[in-house]
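Q: Here you go, target-v1.cif (mmCIF, C-alpha atoms, pLDDT in the B column; chains and numbers go by the auth columns):
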data_query
loop_
_atom_site.group_PDB
_atom_site.id
_atom_site.type_symbol
_atom_site.label_atom_id
_atom_site.label_comp_id
_atom_site.label_asym_id
_atom_site.label_seq_id
_atom_site.Cartn_x
_atom_site.Cartn_y
_atom_site.Cartn_z
_atom_site.B_iso_or_equiv
_atom_site.auth_seq_id
_atom_site.auth_asym_id
ATOM 1 C CA MET A 1 65.687 117.999 42.336 70.00 25 A
ATOM 2 C CA PRO A 2 67.337 115.598 44.846 83.00 26 A
ATOM 3 C CA ILE A 3 66.205 115.897 48.455 91.00 27 A
ATOM 4 C CA SER A 4 68.035 114.953 51.647 93.00 28 A
ATOM 5 C CA VAL A 5 66.410 114.882 55.077 96.00 29 A
ATOM 6 C CA GLY A 6 67.915 115.033 58.548 97.00 30 A
ATOM 7 C CA ILE A 7 66.060 114.700 61.838 98.00 31 A
ATOM 8 C CA ASP A 8 67.204 114.822 65.440 98.00 32 A
ATOM 9 C CA ILE A 9 65.708 114.727 68.920 98.00 33 A
ATOM 10 C CA VAL A 10 67.492 115.896 72.074 98.00 34 A
ATOM 11 C CA GLU A 11 66.665 115.563 75.744 98.00 35 A
ATOM 12 C CA ILE A 12 66.586 119.089 77.147 98.00 36 A
ATOM 13 C CA ASP A 13 68.056 117.911 80.467 97.00 37 A
ATOM 14 C CA ARG A 14 71.062 116.527 78.578 97.00 38 A
ATOM 15 C CA ILE A 15 71.824 119.988 77.219 97.00 39 A
ATOM 16 C CA ARG A 16 71.191 121.517 80.663 97.00 40 A
ATOM 17 C CA LYS A 17 73.747 119.143 82.230 97.00 41 A
ATOM 18 C CA VAL A 18 76.349 119.843 79.544 97.00 42 A
ATOM 19 C CA VAL A 19 75.911 123.598 80.024 96.00 43 A
ATOM 20 C CA GLU A 20 76.245 123.157 83.800 96.00 44 A
ATOM 21 C CA THR A 21 79.400 121.026 83.541 97.00 45 A
ATOM 22 C CA ARG A 22 81.173 122.524 80.520 95.00 46 A
ATOM 23 C CA GLY A 23 79.660 126.015 80.506 92.00 47 A
ATOM 24 C CA GLU A 24 81.245 128.554 78.166 93.00 48 A
ATOM 25 C CA ARG A 25 83.496 125.949 76.555 96.00 49 A
ATOM 26 C CA PHE A 26 80.469 124.033 75.251 97.00 50 A
ATOM 27 C CA LEU A 27 78.422 127.128 74.426 97.00 51 A
ATOM 28 C CA THR A 28 81.152 128.832 72.382 96.00 52 A
ATOM 29 C CA LYS A 29 81.976 125.618 70.527 96.00 53 A
ATOM 30 C CA VAL A 30 78.394 124.959 69.437 97.00 54 A
ATOM 31 C CA TYR A 31 76.533 128.285 69.288 97.00 55 A
ATOM 32 C CA ALA A 32 77.129 131.570 67.510 97.00 56 A
ATOM 33 C CA PRO A 33 76.942 134.677 69.745 96.00 57 A
ATOM 34 C CA GLY A 34 73.564 135.677 68.274 95.00 58 A
ATOM 35 C CA GLU A 35 72.089 132.269 69.077 96.00 59 A
ATOM 36 C CA MET A 36 73.244 132.487 72.693 96.00 60 A
ATOM 37 C CA MET A 37 71.816 136.006 73.044 95.00 61 A
ATOM 38 C CA PHE A 38 68.498 134.970 71.479 94.00 62 A
ATOM 39 C CA CYS A 39 68.122 131.965 73.791 95.00 63 A
ATOM 40 C CA ALA A 40 69.201 133.919 76.874 94.00 64 A
ATOM 41 C CA GLY A 41 66.145 136.125 76.367 89.00 65 A
ATOM 42 C CA ARG A 42 63.704 133.211 76.299 91.00 66 A
ATOM 43 C CA VAL A 43 61.653 131.914 79.240 92.00 67 A
ATOM 44 C CA ASP A 44 63.435 128.536 79.028 93.00 68 A
ATOM 45 C CA ALA A 45 66.862 129.279 77.592 95.00 69 A
ATOM 46 C CA THR A 46 67.926 125.639 77.798 97.00 70 A
ATOM 47 C CA ALA A 47 64.969 124.430 75.724 97.00 71 A
ATOM 48 C CA CYS A 48 65.884 127.063 73.122 96.00 72 A
ATOM 49 C CA LEU A 49 69.517 125.894 73.085 97.00 73 A
ATOM 50 C CA ALA A 50 68.406 122.266 72.843 98.00 74 A
ATOM 51 C CA ALA A 51 66.133 123.029 69.881 97.00 75 A
ATOM 52 C CA ARG A 52 69.012 124.755 68.098 97.00 76 A
ATOM 53 C CA PHE A 53 71.326 121.841 68.905 98.00 77 A
ATOM 54 C CA ALA A 54 68.794 119.430 67.403 98.00 78 A
ATOM 55 C CA ALA A 55 68.522 121.669 64.318 98.00 79 A
ATOM 56 C CA LYS A 56 72.291 121.717 63.842 97.00 80 A
ATOM 57 C CA GLU A 57 72.463 117.937 64.202 96.00 81 A
ATOM 58 C CA ALA A 58 69.553 117.473 61.767 97.00 82 A
ATOM 59 C CA PHE A 59 71.349 119.789 59.331 97.00 83 A
ATOM 60 C CA ARG A 60 74.546 117.762 59.604 95.00 84 A
ATOM 61 C CA LYS A 61 72.571 114.576 58.921 95.00 85 A
ATOM 62 C CA ALA A 62 70.918 116.108 55.845 95.00 86 A
ATOM 63 C CA VAL A 63 74.301 117.114 54.379 94.00 87 A
ATOM 64 C CA ALA A 64 76.187 114.033 55.564 90.00 88 A
ATOM 65 C CA SER A 65 77.826 113.601 52.165 76.00 89 A
ATOM 66 C CA GLY A 66 78.900 117.245 52.046 75.00 90 A
ATOM 67 C CA PRO A 67 81.895 119.035 53.542 78.00 91 A
ATOM 68 C CA PHE A 68 82.571 119.195 57.272 83.00 92 A
ATOM 69 C CA ILE A 69 80.862 122.239 58.780 91.00 93 A
ATOM 70 C CA ALA A 70 81.696 123.408 62.300 93.00 94 A
ATOM 71 C CA TRP A 71 78.846 123.699 64.796 94.00 95 A
ATOM 72 C CA ARG A 72 79.173 127.490 65.071 95.00 96 A
ATOM 73 C CA GLU A 73 78.973 127.896 61.291 96.00 97 A
ATOM 74 C CA ILE A 74 75.468 126.407 61.291 97.00 98 A
ATOM 75 C CA VAL A 75 73.487 129.333 62.667 97.00 99 A
ATOM 76 C CA VAL A 76 69.803 128.908 63.473 97.00 100 A
ATOM 77 C CA VAL A 77 67.896 132.184 63.395 95.00 101 A
ATOM 78 C CA SER A 78 64.245 133.126 63.487 90.00 102 A
ATOM 79 C CA ALA A 79 62.428 135.250 60.945 90.00 103 A
ATOM 80 C CA GLU A 80 60.100 137.993 62.156 90.00 104 A
ATOM 81 C CA SER A 81 57.299 135.472 61.743 91.00 105 A
ATOM 82 C CA GLY A 82 59.096 133.163 64.164 87.00 106 A
ATOM 83 C CA ALA A 83 59.931 130.603 61.477 92.00 107 A
ATOM 84 C CA PRO A 84 63.442 129.198 61.957 94.00 108 A
ATOM 85 C CA PHE A 85 65.988 129.093 59.179 94.00 109 A
ATOM 86 C CA ILE A 86 69.667 128.327 58.740 95.00 110 A
ATOM 87 C CA LEU A 87 72.360 130.866 57.970 95.00 111 A
ATOM 88 C CA LEU A 88 75.638 129.553 56.608 95.00 112 A
ATOM 89 C CA PRO A 89 78.853 131.303 55.619 95.00 113 A
ATOM 90 C CA ALA A 90 78.562 132.355 51.961 95.00 114 A
ATOM 91 C CA ALA A 91 81.331 130.004 50.807 93.00 115 A
ATOM 92 C CA ILE A 92 79.647 126.991 52.393 92.00 116 A
ATOM 93 C CA GLN A 93 76.205 127.947 51.064 93.00 117 A
ATOM 94 C CA LYS A 94 77.679 128.318 47.573 92.00 118 A
ATOM 95 C CA ARG A 95 79.468 124.974 47.805 91.00 119 A
ATOM 96 C CA LEU A 96 76.353 123.127 48.999 92.00 120 A
ATOM 97 C CA GLY A 97 73.860 124.972 46.805 91.00 121 A
ATOM 98 C CA GLY A 98 70.152 124.406 46.966 92.00 122 A
ATOM 99 C CA GLU A 99 67.741 125.457 49.683 94.00 123 A
ATOM 100 C CA PHE A 100 67.235 124.349 53.265 95.00 124 A
ATOM 101 C CA ARG A 101 63.903 124.110 55.023 95.00 125 A
ATOM 102 C CA MET A 102 63.610 123.507 58.731 96.00 126 A
ATOM 103 C CA SER A 103 61.137 122.960 61.505 97.00 127 A
ATOM 104 C CA ILE A 104 61.975 122.873 65.212 97.00 128 A
ATOM 105 C CA SER A 105 59.846 122.285 68.281 96.00 129 A
ATOM 106 C CA HIS A 106 60.160 121.312 71.903 94.00 130 A
ATOM 107 C CA SER A 107 58.095 119.936 74.734 95.00 131 A
ATOM 108 C CA ARG A 108 58.927 120.041 78.419 94.00 132 A
ATOM 109 C CA ASN A 109 61.488 117.229 78.004 97.00 133 A
ATOM 110 C CA HIS A 110 62.570 117.039 74.361 98.00 134 A
ATOM 111 C CA ALA A 111 63.548 119.226 71.458 98.00 135 A
ATOM 112 C CA VAL A 112 63.198 118.010 67.887 98.00 136 A
ATOM 113 C CA ALA A 113 64.202 119.344 64.486 98.00 137 A
ATOM 114 C CA VAL A 114 63.932 118.324 60.874 98.00 138 A
ATOM 115 C CA VAL A 115 65.928 119.788 57.987 97.00 139 A
ATOM 116 C CA ILE A 116 65.176 119.253 54.319 97.00 140 A
ATOM 117 C CA TRP A 117 67.864 120.046 51.752 95.00 141 A
ATOM 118 C CA GLU A 118 66.566 120.570 48.227 94.00 142 A
ATOM 119 C CA ARG A 119 69.674 120.285 46.095 87.00 143 A
ATOM 120 C CA GLU A 120 70.072 121.756 42.673 77.00 144 A
#
What is this structure when it is put down as structure tokens?

A:
Amino acid sequence: MPISVGIDIVEIDRIRKVVETRGERFLTKVYAPGEMMFCAGRVDATACLAARFAAKEAFRKAVASGPFIAWREIVVVSAESGAPFILLPAAIQKRLGGEFRMSISHSRNHAVAVVIWERE
């Protein structure tokens, strides 16, 4: 089973500045409504957004040879256990196949994510 890996790290202040300067335009381009609602309820909403941004970028790196996928179509959600996972539109998931595994984390200054794509 072939494996592809993507990793990304983001400065949380970078995301904070983009949200401050571009606001809704940036948020609606990158995040699905559920992601924005989830992060809005967190103690540090910007760190949450940054972690999801890093996850989306890591995902794009893992599937670099695949089809173009818009930011909003890569949806990072959390299971009841808190473990993050990626939701994709059914047509894209079917086209890519395989399974995705992800880990995200953040510190005071940085958010990081890794995505592993186990292809069929």

Q: Select, from A:Ile140, A:Met60, A:Ile128, A:Arg119, the residue with the minimum atom-to-atom distance to A:Gly90, counting all atoms listed in the file.

A: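 Among the listed residues, A:Arg119 lies closest to A:Gly90.
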
Q: Would you translate the PyMOL selection byres ((chain A and resi 96-107) around 10) into the concrete set of residues it matches in this file, as a PyMOL selection string?

A: chain A and resi 51-59+62+75-77+79-81+83-84+93-95+108-113+116+125-128

Q: Tell me which residues the PyMOL selection byres ((chain A and resi 33) around 8) grabs here, as a list of chain:residue names.

A: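 Applying the PyMOL selection byres ((chain A and resi 33) around 8) to the structure shown produces A:Ile31, A:Asp32, A:Val34, A:Glu35, A:Ala78, A:His134, A:Ala135, A:Val136, A:Ala137.
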
Q: Excluding A:Ala69 and residues on its chain fewer than 2 positions from it, collect all residues at most 12 Å away from it, counting all atoms listed in the file, and give them as a list of chain:residue names.

A: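 Using all atoms listed in the file, the neighbours found are A:Ile36, A:Asp37, A:Ile39, A:Arg40, A:Val43, A:Glu59, A:Met60, A:Met61, A:Phe62, A:Cys63, A:Ala64, A:Gly65, A:Arg66, A:Val67, A:Ala71, A:Cys72, A:Leu73, A:Ala74, A:Ala75, A:Arg76, A:His130.
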
Q: Between atom CA of A:Phe50 and atom CA of A:Lys118, what distance in Å does the model show, to one decimal?

A: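 Rounded to one decimal, the two atoms are 28.1 Å apart.
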
Q: Starting from the shown file, work through the PyMOL selection byres ((chain A and resi 86) around 6) and note down what comes out as a ChimeraX atom specification.

A: /A:28-30,83-85,87-88

Q: Can you tell me how far atom CA of A:Glu48 sits from atom CA of A:Ser129, in Å to one decimal?

A: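 Spanning atom CA of A:Glu48 to atom CA of A:Ser129 is a straight-line distance of 24.4 Å.
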
Q: So what do you get for atom CA of A:Ala114 versus atom CA of A:Trp141, distance-wise?

A: 16.3 Å

Q: So which one's closest to A:Thr70, A:Asn133, A:Phe92, A:Ala82, A:Thr45? Using all atoms listed in the file, please.

A: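 Selected residue with least distance to A:Thr70: A:Asn133.
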
Q: Closest to A:Pro26 among A:Pro91, A:Arg143, A:Glu44, A:Gly121, using all atoms listed in the file?

A: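 Closest candidate: A:Arg143.
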
Q: Nearest to A:Asp68: which of A:Val138, A:Ser131, A:Glu144, A:Gly47 is it, counting all atoms listed in the file?

A: A:Ser131

Q: So that I can see what lies close to A:Glu142, please list as a PyMOL selection string the residues with an atom at most 6 Å from it, counting all atoms listed in the file and leaving out residues fewer than 2 positions away in the same chain.

A: chain A and resi 27+122-123
